[in-house]
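A quick write-up on the structure given underneath.
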Amino acid sequence: MTKPTFATAMTELEEVVRKLEQGDVPLEEAIDLYKKGMELSKLCHDTLQSAEQQLISIVGEDGEKKAFQQGNGED
């Protein structure tokens with residue numbers, strides 16, 4: 001089984017949440033949905049964390065990696 005993309009995982013997670021919020025699913029199905037939701041949530045979190053780590057450093061014009069300095073966009 002291949003790992004879903006971030007967008008697919010988010011869509012599936014939203015569907016799981018919608019079903020659980022309705023409250024009319026049998027207990028066994030609710031437990032399975034909760035487990036699936038937790039797995040999807042972890043996958044999304046890990047993907048975002050990985051993206052954040054990639055963006056922490058940027059490559060300058062000279063080819064050297066430099067720490068990303070978060071600013072307010074004003075010089």
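The way I read the labels, and the way they are meant: chains A, B, ... in the order of the structure tokens, residue 1 as the first residue of every chain, and ligand 1 as the first ligand shown, with later ones counted on from there.
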
Please identify all polymer residues within 12 Å of Thr11 (chain A), counting only C-alpha atoms, omitting same-chain residues fewer than 6 positions from it, and present them as a count of residues only. 8

Of the residues A:Met10, A:Lys35, A:Asp24, A:Glu29, which is the one nearest to Leu48 (chain A), using only C-alpha atoms?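 Closest to Leu48 (chain A), using only C-alpha atoms: A:Met10.
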
Looking at A:Met38, A:Ala7, A:Leu33, A:Ile56, which one is nearest to Glu21 (chain A), with distances taken over only C-alpha atoms?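 Of A:Met38, A:Ala7, A:Leu33, A:Ile56, the one nearest Glu21 (chain A), counting only C-alpha atoms, is A:Leu33.
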
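Of note, CA of Glu14 (chain A) and CA of Asp32 (chain A) are spaced 14.9 Å apart.
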
In Å, how far is it from CA of Ala9 (chain A) to CA of Leu55 (chain A)?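 Computed distance, CA of Ala9 (chain A) to CA of Leu55 (chain A), equals 21.5 Å.
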